[in-house]
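Chemist: Next comes protein_11.pdb, PDB, C-alpha atoms, pLDDT in the B column:
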```pdb
ATOM      1  CA  MET A  24     125.656  61.111  86.051  1.00 55.00           C
ATOM      2  CA  GLY A  25     124.189  60.658  89.545  1.00 84.00           C
ATOM      3  CA  LEU A  26     121.491  62.934  90.890  1.00 93.00           C
ATOM      4  CA  ALA A  27     123.730  63.867  93.822  1.00 95.00           C
ATOM      5  CA  GLU A  28     126.234  65.359  91.382  1.00 95.00           C
ATOM      6  CA  VAL A  29     123.489  67.310  89.635  1.00 96.00           C
ATOM      7  CA  MET A  30     122.272  68.703  92.961  1.00 97.00           C
ATOM      8  CA  ASP A  31     125.809  69.803  93.814  1.00 96.00           C
ATOM      9  CA  THR A  32     126.049  71.513  90.429  1.00 96.00           C
ATOM     10  CA  ILE A  33     122.797  73.458  90.787  1.00 97.00           C
ATOM     11  CA  GLU A  34     123.493  74.094  94.483  1.00 96.00           C
ATOM     12  CA  TYR A  35     120.133  72.785  95.649  1.00 98.00           C
ATOM     13  CA  GLN A  36     119.449  69.553  97.527  1.00 97.00           C
ATOM     14  CA  PHE A  37     116.083  68.024  96.629  1.00 98.00           C
ATOM     15  CA  GLN A  38     113.816  66.606  99.290  1.00 97.00           C
ATOM     16  CA  ASN A  39     112.252  64.536  96.496  1.00 97.00           C
ATOM     17  CA  PRO A  40     115.032  63.637  94.012  1.00 96.00           C
ATOM     18  CA  GLU A  41     112.496  62.000  91.705  1.00 95.00           C
ATOM     19  CA  LEU A  42     111.402  65.491  90.666  1.00 96.00           C
ATOM     20  CA  LEU A  43     114.927  66.263  89.496  1.00 97.00           C
ATOM     21  CA  GLN A  44     115.110  62.949  87.639  1.00 95.00           C
ATOM     22  CA  GLN A  45     111.852  63.775  85.866  1.00 95.00           C
ATOM     23  CA  ALA A  46     113.149  67.273  85.007  1.00 97.00           C
ATOM     24  CA  LEU A  47     116.114  65.693  83.234  1.00 96.00           C
ATOM     25  CA  THR A  48     114.110  63.055  81.326  1.00 94.00           C
ATOM     26  CA  HIS A  49     113.353  63.796  77.672  1.00 92.00           C
ATOM     27  CA  SER A  50     110.260  62.371  76.007  1.00 90.00           C
ATOM     28  CA  SER A  51     112.454  60.282  73.677  1.00 90.00           C
ATOM     29  CA  TYR A  52     113.907  58.458  76.696  1.00 87.00           C
ATOM     30  CA  ALA A  53     110.445  57.941  78.200  1.00 85.00           C
ATOM     31  CA  ASN A  54     109.198  56.523  74.890  1.00 83.00           C
ATOM     32  CA  GLU A  55     112.230  54.274  74.455  1.00 83.00           C
ATOM     33  CA  ARG A  56     111.843  52.878  77.970  1.00 80.00           C
ATOM     34  CA  LYS A  57     108.028  52.703  77.646  1.00 77.00           C
ATOM     35  CA  LEU A  58     107.560  55.030  80.608  1.00 73.00           C
ATOM     36  CA  ASN A  59     104.385  56.987  81.276  1.00 69.00           C
ATOM     37  CA  ARG A  60     104.555  60.248  79.316  1.00 65.00           C
ATOM     38  CA  ILE A  61     103.960  62.275  82.483  1.00 68.00           C
ATOM     39  CA  GLU A  62     107.357  61.035  83.656  1.00 84.00           C
ATOM     40  CA  ASP A  63     109.243  63.229  81.157  1.00 92.00           C
ATOM     41  CA  TYR A  64     110.131  66.883  81.706  1.00 95.00           C
ATOM     42  CA  GLU A  65     107.410  68.590  79.678  1.00 95.00           C
ATOM     43  CA  ARG A  66     104.980  69.276  82.562  1.00 95.00           C
ATOM     44  CA  LEU A  67     107.784  70.645  84.725  1.00 97.00           C
ATOM     45  CA  GLU A  68     109.013  72.800  81.836  1.00 97.00           C
ATOM     46  CA  PHE A  69     105.472  74.221  81.528  1.00 97.00           C
ATOM     47  CA  LEU A  70     105.563  75.220  85.200  1.00 98.00           C
ATOM     48  CA  GLY A  71     109.162  76.430  85.071  1.00 98.00           C
ATOM     49  CA  ASP A  72     108.390  78.756  82.174  1.00 97.00           C
ATOM     50  CA  ALA A  73     105.718  80.530  84.245  1.00 97.00           C
ATOM     51  CA  VAL A  74     107.892  80.668  87.368  1.00 98.00           C
ATOM     52  CA  LEU A  75     110.796  82.054  85.351  1.00 98.00           C
ATOM     53  CA  GLU A  76     108.687  84.887  83.963  1.00 97.00           C
ATOM     54  CA  MET A  77     107.456  85.818  87.434  1.00 97.00           C
ATOM     55  CA  ILE A  78     110.914  85.729  89.053  1.00 97.00           C
ATOM     56  CA  THR A  79     112.701  87.659  86.316  1.00 96.00           C
ATOM     57  CA  SER A  80     109.902  90.253  86.224  1.00 96.00           C
ATOM     58  CA  HIS A  81     110.116  90.773  89.983  1.00 96.00           C
ATOM     59  CA  ILE A  82     113.911  91.039  90.014  1.00 94.00           C
ATOM     60  CA  LEU A  83     113.983  93.517  87.130  1.00 94.00           C
ATOM     61  CA  LEU A  84     111.208  95.606  88.679  1.00 95.00           C
ATOM     62  CA  LEU A  85     113.277  95.991  91.854  1.00 94.00           C
ATOM     63  CA  LYS A  86     116.594  96.432  90.071  1.00 92.00           C
ATOM     64  CA  TYR A  87     115.385  99.125  87.662  1.00 92.00           C
ATOM     65  CA  PRO A  88     112.809 101.289  89.510  1.00 94.00           C
ATOM     66  CA  ASP A  89     112.952 104.007  86.824  1.00 94.00           C
ATOM     67  CA  LYS A  90     112.448 101.857  83.712  1.00 93.00           C
ATOM     68  CA  GLN A  91     109.106 101.802  81.910  1.00 95.00           C
ATOM     69  CA  GLU A  92     107.152  98.623  81.159  1.00 94.00           C
ATOM     70  CA  GLY A  93     108.385  98.430  77.576  1.00 93.00           C
ATOM     71  CA  GLU A  94     112.032  98.626  78.605  1.00 90.00           C
ATOM     72  CA  LEU A  95     111.518  95.996  81.309  1.00 93.00           C
ATOM     73  CA  SER A  96     109.785  93.664  78.842  1.00 93.00           C
ATOM     74  CA  LYS A  97     112.627  93.974  76.364  1.00 88.00           C
ATOM     75  CA  LEU A  98     115.201  93.351  79.070  1.00 88.00           C
ATOM     76  CA  ARG A  99     113.322  90.302  80.317  1.00 93.00           C
ATOM     77  CA  SER A 100     113.077  88.953  76.783  1.00 89.00           C
ATOM     78  CA  SER A 101     116.842  89.269  76.374  1.00 85.00           C
ATOM     79  CA  LEU A 102     117.398  87.201  79.508  1.00 90.00           C
ATOM     80  CA  VAL A 103     114.907  84.412  78.853  1.00 92.00           C
ATOM     81  CA  CYS A 104     115.613  83.946  75.133  1.00 88.00           C
ATOM     82  CA  GLU A 105     116.415  80.424  73.971  1.00 88.00           C
ATOM     83  CA  TYR A 106     120.129  81.088  73.470  1.00 85.00           C
ATOM     84  CA  CYS A 107     120.710  82.519  76.960  1.00 89.00           C
ATOM     85  CA  LEU A 108     118.814  79.741  78.725  1.00 94.00           C
ATOM     86  CA  ALA A 109     120.628  77.121  76.646  1.00 92.00           C
ATOM     87  CA  GLN A 110     123.990  78.669  77.549  1.00 89.00           C
ATOM     88  CA  CYS A 111     123.059  78.555  81.227  1.00 93.00           C
ATOM     89  CA  ALA A 112     122.127  74.894  80.828  1.00 96.00           C
ATOM     90  CA  ARG A 113     125.511  74.208  79.232  1.00 93.00           C
ATOM     91  CA  ASP A 114     127.287  75.962  82.094  1.00 93.00           C
ATOM     92  CA  LEU A 115     125.440  73.615  84.453  1.00 96.00           C
ATOM     93  CA  HIS A 116     126.506  70.563  82.356  1.00 95.00           C
ATOM     94  CA  PHE A 117     122.898  69.580  81.599  1.00 96.00           C
ATOM     95  CA  PRO A 118     123.970  67.967  78.274  1.00 94.00           C
ATOM     96  CA  ASP A 119     125.801  65.402  80.410  1.00 94.00           C
ATOM     97  CA  TYR A 120     122.894  64.865  82.798  1.00 94.00           C
ATOM     98  CA  VAL A 121     119.844  64.726  80.515  1.00 93.00           C
ATOM     99  CA  ARG A 122     118.313  61.312  79.853  1.00 92.00           C
ATOM    100  CA  LEU A 123     117.788  60.890  76.111  1.00 91.00           C
ATOM    101  CA  SER A 124     117.053  57.994  73.819  1.00 90.00           C
ATOM    102  CA  LYS A 125     120.070  56.533  72.078  1.00 88.00           C
ATOM    103  CA  GLY A 126     118.941  57.965  68.753  1.00 86.00           C
ATOM    104  CA  GLU A 127     118.295  61.443  70.130  1.00 84.00           C
ATOM    105  CA  ARG A 128     121.744  61.610  71.702  1.00 85.00           C
ATOM    106  CA  GLN A 129     123.445  60.300  68.554  1.00 81.00           C
ATOM    107  CA  THR A 130     121.822  63.041  66.464  1.00 78.00           C
ATOM    108  CA  GLY A 131     123.077  65.790  68.791  1.00 79.00           C
ATOM    109  CA  GLY A 132     119.978  66.312  70.889  1.00 77.00           C
ATOM    110  CA  ALA A 133     121.982  66.896  74.045  1.00 84.00           C
ATOM    111  CA  ASN A 134     123.435  70.096  72.581  1.00 85.00           C
ATOM    112  CA  ARG A 135     120.310  71.420  70.872  1.00 86.00           C
ATOM    113  CA  ASP A 136     119.478  74.910  72.129  1.00 87.00           C
ATOM    114  CA  SER A 137     115.722  74.294  72.227  1.00 89.00           C
ATOM    115  CA  LEU A 138     116.138  71.170  74.373  1.00 93.00           C
ATOM    116  CA  LEU A 139     118.632  72.812  76.726  1.00 94.00           C
ATOM    117  CA  CYS A 140     116.370  75.827  77.131  1.00 95.00           C
ATOM    118  CA  ASP A 141     113.568  73.460  78.154  1.00 96.00           C
ATOM    119  CA  LEU A 142     115.865  71.739  80.645  1.00 97.00           C
ATOM    120  CA  PHE A 143     116.760  74.978  82.390  1.00 98.00           C
ATOM    121  CA  GLU A 144     113.035  75.668  82.831  1.00 98.00           C
ATOM    122  CA  SER A 145     112.089  72.102  83.820  1.00 98.00           C
ATOM    123  CA  VAL A 146     114.736  72.039  86.547  1.00 98.00           C
ATOM    124  CA  LEU A 147     113.417  75.395  87.775  1.00 98.00           C
ATOM    125  CA  GLY A 148     109.905  73.940  87.865  1.00 98.00           C
ATOM    126  CA  ALA A 149     111.171  70.957  89.838  1.00 98.00           C
ATOM    127  CA  ILE A 150     112.971  73.202  92.338  1.00 98.00           C
ATOM    128  CA  TYR A 151     109.819  75.289  92.779  1.00 98.00           C
ATOM    129  CA  LEU A 152     107.660  72.219  93.435  1.00 98.00           C
ATOM    130  CA  ASP A 153     110.216  70.760  95.824  1.00 98.00           C
ATOM    131  CA  GLY A 154     111.223  73.815  97.837  1.00 97.00           C
ATOM    132  CA  GLY A 155     109.063  76.774  96.894  1.00 97.00           C
ATOM    133  CA  MET A 156     109.868  80.245  95.648  1.00 97.00           C
ATOM    134  CA  GLU A 157     113.061  81.037  97.568  1.00 97.00           C
ATOM    135  CA  PRO A 158     115.285  78.268  96.143  1.00 98.00           C
ATOM    136  CA  ALA A 159     113.719  78.839  92.710  1.00 98.00           C
ATOM    137  CA  ARG A 160     114.645  82.503  92.908  1.00 97.00           C
ATOM    138  CA  ALA A 161     118.180  81.658  94.063  1.00 97.00           C
ATOM    139  CA  TYR A 162     118.628  79.335  91.053  1.00 98.00           C
ATOM    140  CA  VAL A 163     117.509  82.044  88.621  1.00 97.00           C
ATOM    141  CA  GLU A 164     119.572  84.787  90.243  1.00 95.00           C
ATOM    142  CA  LYS A 165     122.758  82.764  90.377  1.00 95.00           C
ATOM    143  CA  PHE A 166     122.673  81.032  87.010  1.00 95.00           C
ATOM    144  CA  LEU A 167     120.684  83.398  84.778  1.00 94.00           C
ATOM    145  CA  MET A 168     120.723  86.945  86.133  1.00 91.00           C
ATOM    146  CA  SER A 169     124.502  87.193  86.273  1.00 83.00           C
ATOM    147  CA  ASP A 170     126.357  88.854  83.386  1.00 77.00           C
ATOM    148  CA  MET A 171     123.243  90.692  82.245  1.00 78.00           C
ATOM    149  CA  GLU A 172     125.208  93.091  80.049  1.00 75.00           C
ATOM    150  CA  ASN A 173     126.432  90.357  77.707  1.00 74.00           C
ATOM    151  CA  LYS A 174     123.008  88.694  77.611  1.00 77.00           C
ATOM    152  CA  ARG A 175     121.436  91.989  76.518  1.00 76.00           C
ATOM    153  CA  LEU A 176     124.202  92.440  73.958  1.00 74.00           C
ATOM    154  CA  PHE A 177     123.424  89.057  72.397  1.00 78.00           C
ATOM    155  CA  TYR A 178     119.666  89.614  72.210  1.00 75.00           C
ATOM    156  CA  ASP A 179     120.007  92.656  69.936  1.00 80.00           C
ATOM    157  CA  ALA A 180     123.340  91.669  68.421  1.00 85.00           C
ATOM    158  CA  LYS A 181     122.548  92.211  64.734  1.00 88.00           C
ATOM    159  CA  THR A 182     120.770  95.514  65.378  1.00 87.00           C
ATOM    160  CA  ASN A 183     123.512  96.717  67.736  1.00 85.00           C
ATOM    161  CA  LEU A 184     126.212  95.775  65.256  1.00 90.00           C
ATOM    162  CA  GLN A 185     124.441  97.564  62.392  1.00 90.00           C
ATOM    163  CA  GLU A 186     124.045 100.719  64.490  1.00 88.00           C
ATOM    164  CA  LEU A 187     127.673 100.603  65.623  1.00 89.00           C
ATOM    165  CA  VAL A 188     129.013 100.161  62.114  1.00 89.00           C
ATOM    166  CA  GLN A 189     126.856 102.977  60.741  1.00 89.00           C
ATOM    167  CA  LYS A 190     127.702 105.325  63.594  1.00 89.00           C
ATOM    168  CA  ASN A 191     131.439 104.818  63.110  1.00 87.00           C
ATOM    169  CA  GLU A 192     131.249 104.674  59.309  1.00 87.00           C
ATOM    170  CA  MET A 193     133.077 101.347  59.276  1.00 90.00           C
ATOM    171  CA  GLY A 194     131.666 100.151  55.959  1.00 89.00           C
ATOM    172  CA  THR A 195     129.265  97.461  54.815  1.00 91.00           C
ATOM    173  CA  ILE A 196     128.337  94.391  56.876  1.00 93.00           C
ATOM    174  CA  ALA A 197     128.029  91.021  55.163  1.00 94.00           C
ATOM    175  CA  TYR A 198     127.056  87.660  56.654  1.00 94.00           C
ATOM    176  CA  HIS A 199     128.711  84.761  54.836  1.00 93.00           C
ATOM    177  CA  LEU A 200     127.440  81.206  55.096  1.00 94.00           C
ATOM    178  CA  THR A 201     130.670  79.230  55.439  1.00 94.00           C
ATOM    179  CA  GLY A 202     129.233  75.749  55.818  1.00 93.00           C
ATOM    180  CA  GLU A 203     126.383  73.394  56.671  1.00 92.00           C
ATOM    181  CA  GLN A 204     126.417  70.076  58.486  1.00 85.00           C
ATOM    182  CA  GLY A 205     123.935  67.341  59.240  1.00 79.00           C
ATOM    183  CA  PRO A 206     120.778  65.912  57.654  1.00 77.00           C
ATOM    184  CA  ASP A 207     117.891  68.155  56.609  1.00 76.00           C
ATOM    185  CA  HIS A 208     115.928  67.502  59.815  1.00 70.00           C
ATOM    186  CA  ASN A 209     118.910  68.467  61.998  1.00 71.00           C
ATOM    187  CA  LYS A 210     120.900  70.963  59.933  1.00 81.00           C
ATOM    188  CA  HIS A 211     123.665  73.073  61.482  1.00 83.00           C
ATOM    189  CA  PHE A 212     124.776  76.341  59.870  1.00 91.00           C
ATOM    190  CA  PHE A 213     128.078  78.215  60.128  1.00 93.00           C
ATOM    191  CA  VAL A 214     128.294  81.956  59.449  1.00 94.00           C
ATOM    192  CA  GLU A 215     131.059  84.558  59.478  1.00 95.00           C
ATOM    193  CA  VAL A 216     130.719  88.360  59.657  1.00 95.00           C
ATOM    194  CA  GLU A 217     132.637  90.597  57.284  1.00 93.00           C
ATOM    195  CA  ILE A 218     132.871  94.378  57.694  1.00 93.00           C
ATOM    196  CA  ALA A 219     134.479  96.349  54.863  1.00 90.00           C
ATOM    197  CA  GLY A 220     136.326  93.255  53.699  1.00 89.00           C
ATOM    198  CA  VAL A 221     137.634  92.303  57.162  1.00 90.00           C
ATOM    199  CA  ARG A 222     136.448  89.031  58.705  1.00 92.00           C
ATOM    200  CA  TYR A 223     135.319  89.194  62.332  1.00 92.00           C
ATOM    201  CA  GLY A 224     133.081  86.949  64.433  1.00 90.00           C
ATOM    202  CA  ARG A 225     131.855  83.465  63.618  1.00 93.00           C
ATOM    203  CA  GLY A 226     128.673  81.773  64.713  1.00 89.00           C
ATOM    204  CA  ASP A 227     126.825  78.508  64.343  1.00 87.00           C
ATOM    205  CA  GLY A 228     123.269  77.410  64.960  1.00 83.00           C
ATOM    206  CA  GLN A 229     120.344  75.282  63.901  1.00 79.00           C
ATOM    207  CA  SER A 230     119.103  78.040  61.641  1.00 84.00           C
ATOM    208  CA  ARG A 231     120.982  80.529  59.507  1.00 88.00           C
ATOM    209  CA  LYS A 232     119.339  83.386  61.421  1.00 86.00           C
ATOM    210  CA  HIS A 233     120.563  82.017  64.748  1.00 84.00           C
ATOM    211  CA  ALA A 234     124.071  81.522  63.371  1.00 88.00           C
ATOM    212  CA  GLU A 235     124.092  85.124  62.131  1.00 91.00           C
ATOM    213  CA  GLN A 236     122.966  86.353  65.547  1.00 88.00           C
ATOM    214  CA  LYS A 237     125.813  84.511  67.251  1.00 89.00           C
ATOM    215  CA  ALA A 238     128.321  85.757  64.682  1.00 92.00           C
ATOM    216  CA  ALA A 239     127.138  89.346  65.238  1.00 91.00           C
ATOM    217  CA  TYR A 240     127.499  88.879  68.988  1.00 88.00           C
ATOM    218  CA  GLU A 241     131.049  87.552  68.634  1.00 90.00           C
ATOM    219  CA  THR A 242     131.853  90.525  66.389  1.00 92.00           C
ATOM    220  CA  LEU A 243     130.537  92.959  69.003  1.00 89.00           C
ATOM    221  CA  LEU A 244     132.722  91.332  71.653  1.00 87.00           C
ATOM    222  CA  CYS A 245     135.703  91.588  69.303  1.00 87.00           C
ATOM    223  CA  LEU A 246     135.071  95.273  68.618  1.00 87.00           C
ATOM    224  CA  LYS A 247     134.564  95.880  72.321  1.00 80.00           C
ATOM    225  CA  LYS A 248     138.002  94.434  73.042  1.00 79.00           C
ATOM    226  CA  GLU A 249     139.397  96.780  70.391  1.00 75.00           C
ATOM    227  CA  SER A 250     137.759  99.674  72.296  1.00 66.00           C
ATOM    228  CA  ARG A 251     135.521 100.565  69.340  1.00 56.00           C
ATOM    229  CA  PHE A 252     132.663 101.272  71.769  1.00 57.00           C
ATOM    230  CA  ASN A 253     131.861 101.246  75.511  1.00 52.00           C
TER     231      ASN A 253
END
```
Kindly present the structure from the file in structure tokens form.

Modeler:
Amino acid sequence: MGLAEVMDTIEYQFQNPELLQQALTHSSYANERKLNRIEDYERLEFLGDAVLEMITSHILLLKYPDKQEGELSKLRSSLVCEYCLAQCARDLHFPDYVRLSKGERQTGGANRDSLLCDLFESVLGAIYLDGGMEPARAYVEKFLMSDMENKRLFYDAKTNLQELVQKNEMGTIAYHLTGEQGPDHNKHFFVEVEIAGVRYGRGDGQSRKHAEQKAAYETLLCLKKESRFN
């Protein structure tokens, strides 16, 4: 994919496109091509992580003038968790744009949540270096801060589901491991939620815990559609 297409996707035109190219270069690609290690995205991801915390903190402080520090911290954590950032990266088609080694791509690296989370932050770091705070803030607001309700719902999905089920006396929750795929170093787990014998949401992830979290989230969305809660 060309850098021009990436810039159209993220709605920011770089003055120095090499920064964007670096932000989309994984260390495996740099090693394979014998590039200098500072040419991969890790330094930009380091910067982007700090910029992201500052921007989200500022936005939440203005948006919720009555919330205490603890509530704001929890809300920020729900927005910048690995899953949410990875989903944003998928929405921006970063799995198509990232430069990986052949081996890393063949083993599913382009869809790994941890890598995609890093990409969202490295691109933010690149935008900040290239254009300053305003375009960095616009990127975060447009691609992360939207749909905050569902992002919060995911962050506490298992706890929220447990509380909902207990409150409505729906029965016992069980998380069933329905399958595993891949080698030990890159295992993928599949989980399904059962409540009082009825199967609901399904989830998958690179750990059983993550798969359960996604399955709980899908169950909450299902129950929400059924008007079980507001």

Chemist: Counting all atoms listed in the file, which residues come within 9 Å of (127.1, 81.4, 85.6), with the point read in the file's coordinates, and could you list them as an mmCIF file with C-alpha atoms, in the frame of the given file?

Modeler:
```
data_model
loop_
_atom_site.group_PDB
_atom_site.id
_atom_site.type_symbol
_atom_site.label_atom_id
_atom_site.label_comp_id
_atom_site.auth_asym_id
_atom_site.auth_seq_id
_atom_site.Cartn_x
_atom_site.Cartn_y
_atom_site.Cartn_z
ATOM 1 C CA CYS A 111 123.059 78.555 81.227
ATOM 2 C CA ASP A 114 127.287 75.962 82.094
ATOM 3 C CA LEU A 115 125.440 73.615 84.453
ATOM 4 C CA LYS A 165 122.758 82.764 90.377
ATOM 5 C CA PHE A 166 122.673 81.032 87.010
ATOM 6 C CA LEU A 167 120.684 83.398 84.778
ATOM 7 C CA MET A 168 120.723 86.945 86.133
ATOM 8 C CA SER A 169 124.502 87.193 86.273
ATOM 9 C CA ASP A 170 126.357 88.854 83.386
#
```

Chemist: Pick out the closest residue to Val216 (chain A) from this set: A:Lys247, A:Arg128, A:Arg66, A:Lys181. Count all atoms listed in the file.

Modeler: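 Closest to Val216 (chain A) of all the choices is A:Lys181.
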
Chemist: Step by step, work through what the PyMOL selection byres ((chain A and resi 211) around 7) selects in the shown file, and finish by giving those residues as a list of chain:residue names.

Modeler: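 With the shown file as input, the PyMOL selection byres ((chain A and resi 211) around 7) matches A:Glu203, A:Gln204, A:Gly205, A:Asn209, A:Lys210, A:Phe212, A:Phe213, A:Asp227, A:Gly228, A:Gln229, A:Ser230.
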
Chemist: Please, could you write that set of residues out with C-alpha atoms as a short mmCIF file (atom, residue, chain, number, x, y, z; two decimals), keeping the file's coordinate frame?

Modeler:
```
data_model
loop_
_atom_site.label_atom_id
_atom_site.label_comp_id
_atom_site.auth_asym_id
_atom_site.auth_seq_id
_atom_site.Cartn_x
_atom_site.Cartn_y
_atom_site.Cartn_z
CA GLU A 203 126.38 73.39 56.67
CA GLN A 204 126.42 70.08 58.49
CA GLY A 205 123.94 67.34 59.24
CA ASN A 209 118.91 68.47 62.00
CA LYS A 210 120.90 70.96 59.93
CA PHE A 212 124.78 76.34 59.87
CA PHE A 213 128.08 78.22 60.13
CA ASP A 227 126.82 78.51 64.34
CA GLY A 228 123.27 77.41 64.96
CA GLN A 229 120.34 75.28 63.90
CA SER A 230 119.10 78.04 61.64
#
```

Chemist: Just how far from CA of Ser51 (chain A) is CA of Ser124 (chain A), in Å to one decimal?

Modeler: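 Taking CA of Ser124 (chain A) as the start and CA of Ser51 (chain A) as the end point, the length is 5.1 Å.
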
Chemist: Give me the residues within 12 Å of Glu65 (chain A) as a list in words, counting only C-alpha atoms and dropping any in the same chain fewer than 4 places off.

Modeler: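 Neighbouring residues, sequence-local ones excluded: Gln45, Ala46, Leu47, Thr48, His49, Ser50, Ser51, Ala53, Arg60, Ile61, Phe69, Leu70, Gly71, Asp72, Leu138, Cys140, Asp141, Leu142, Phe143, Glu144, Ser145, Val146, Gly148 and Ala149 of chain A.
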
Chemist: Could you give me the axis-aligned bounding box of region 92-98 of chain A, with 5 Å of padding per side, as centre plus edge lengths in Å to one decimal, as JSON?

Modeler:
```
{"center_x": 111.2, "center_y": 96.0, "center_z": 78.8, "size_x": 18.0, "size_y": 15.3, "size_z": 14.9}
```

Chemist: Between CA of Leu184 (chain A) and CA of Leu243 (chain A), what is the spacing in Å?

Modeler: 6.4 Å

Chemist: Expanded to explicit residues, what is the PyMOL selection byres ((chain A and resi 150) around 9) for this file, as a PDB file with C-alpha atoms, keeping the file's coordinate frame?

Modeler:
```pdb
ATOM      1  CA  TYR A  35     120.133  72.785  95.649  1.00 98.00           C
ATOM      2  CA  PHE A  37     116.083  68.024  96.629  1.00 98.00           C
ATOM      3  CA  LEU A  42     111.402  65.491  90.666  1.00 96.00           C
ATOM      4  CA  LEU A  43     114.927  66.263  89.496  1.00 97.00           C
ATOM      5  CA  GLY A  71     109.162  76.430  85.071  1.00 98.00           C
ATOM      6  CA  SER A 145     112.089  72.102  83.820  1.00 98.00           C
ATOM      7  CA  VAL A 146     114.736  72.039  86.547  1.00 98.00           C
ATOM      8  CA  LEU A 147     113.417  75.395  87.775  1.00 98.00           C
ATOM      9  CA  GLY A 148     109.905  73.940  87.865  1.00 98.00           C
ATOM     10  CA  ALA A 149     111.171  70.957  89.838  1.00 98.00           C
ATOM     11  CA  TYR A 151     109.819  75.289  92.779  1.00 98.00           C
ATOM     12  CA  LEU A 152     107.660  72.219  93.435  1.00 98.00           C
ATOM     13  CA  ASP A 153     110.216  70.760  95.824  1.00 98.00           C
ATOM     14  CA  GLY A 154     111.223  73.815  97.837  1.00 97.00           C
ATOM     15  CA  GLY A 155     109.063  76.774  96.894  1.00 97.00           C
ATOM     16  CA  MET A 156     109.868  80.245  95.648  1.00 97.00           C
ATOM     17  CA  PRO A 158     115.285  78.268  96.143  1.00 98.00           C
ATOM     18  CA  ALA A 159     113.719  78.839  92.710  1.00 98.00           C
ATOM     19  CA  TYR A 162     118.628  79.335  91.053  1.00 98.00           C
TER      20      TYR A 162
END
```

Chemist: Considering all atoms listed in the file, state which residue in the set A:Lys248, A:Lys125, A:Arg135, A:Arg160 is at the smallest distance from Ile78 (chain A).

Modeler: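 Once distances to Ile78 (chain A) are computed over all atoms listed in the file, the minimum belongs to A:Arg160.
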
Chemist: Enter the distance from CA of Val29 (chain A) to CA of His116 (chain A), in Å, rounded to one decimal.

Modeler: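 Separating CA of Val29 (chain A) from CA of His116 (chain A) is a distance of 8.5 Å.
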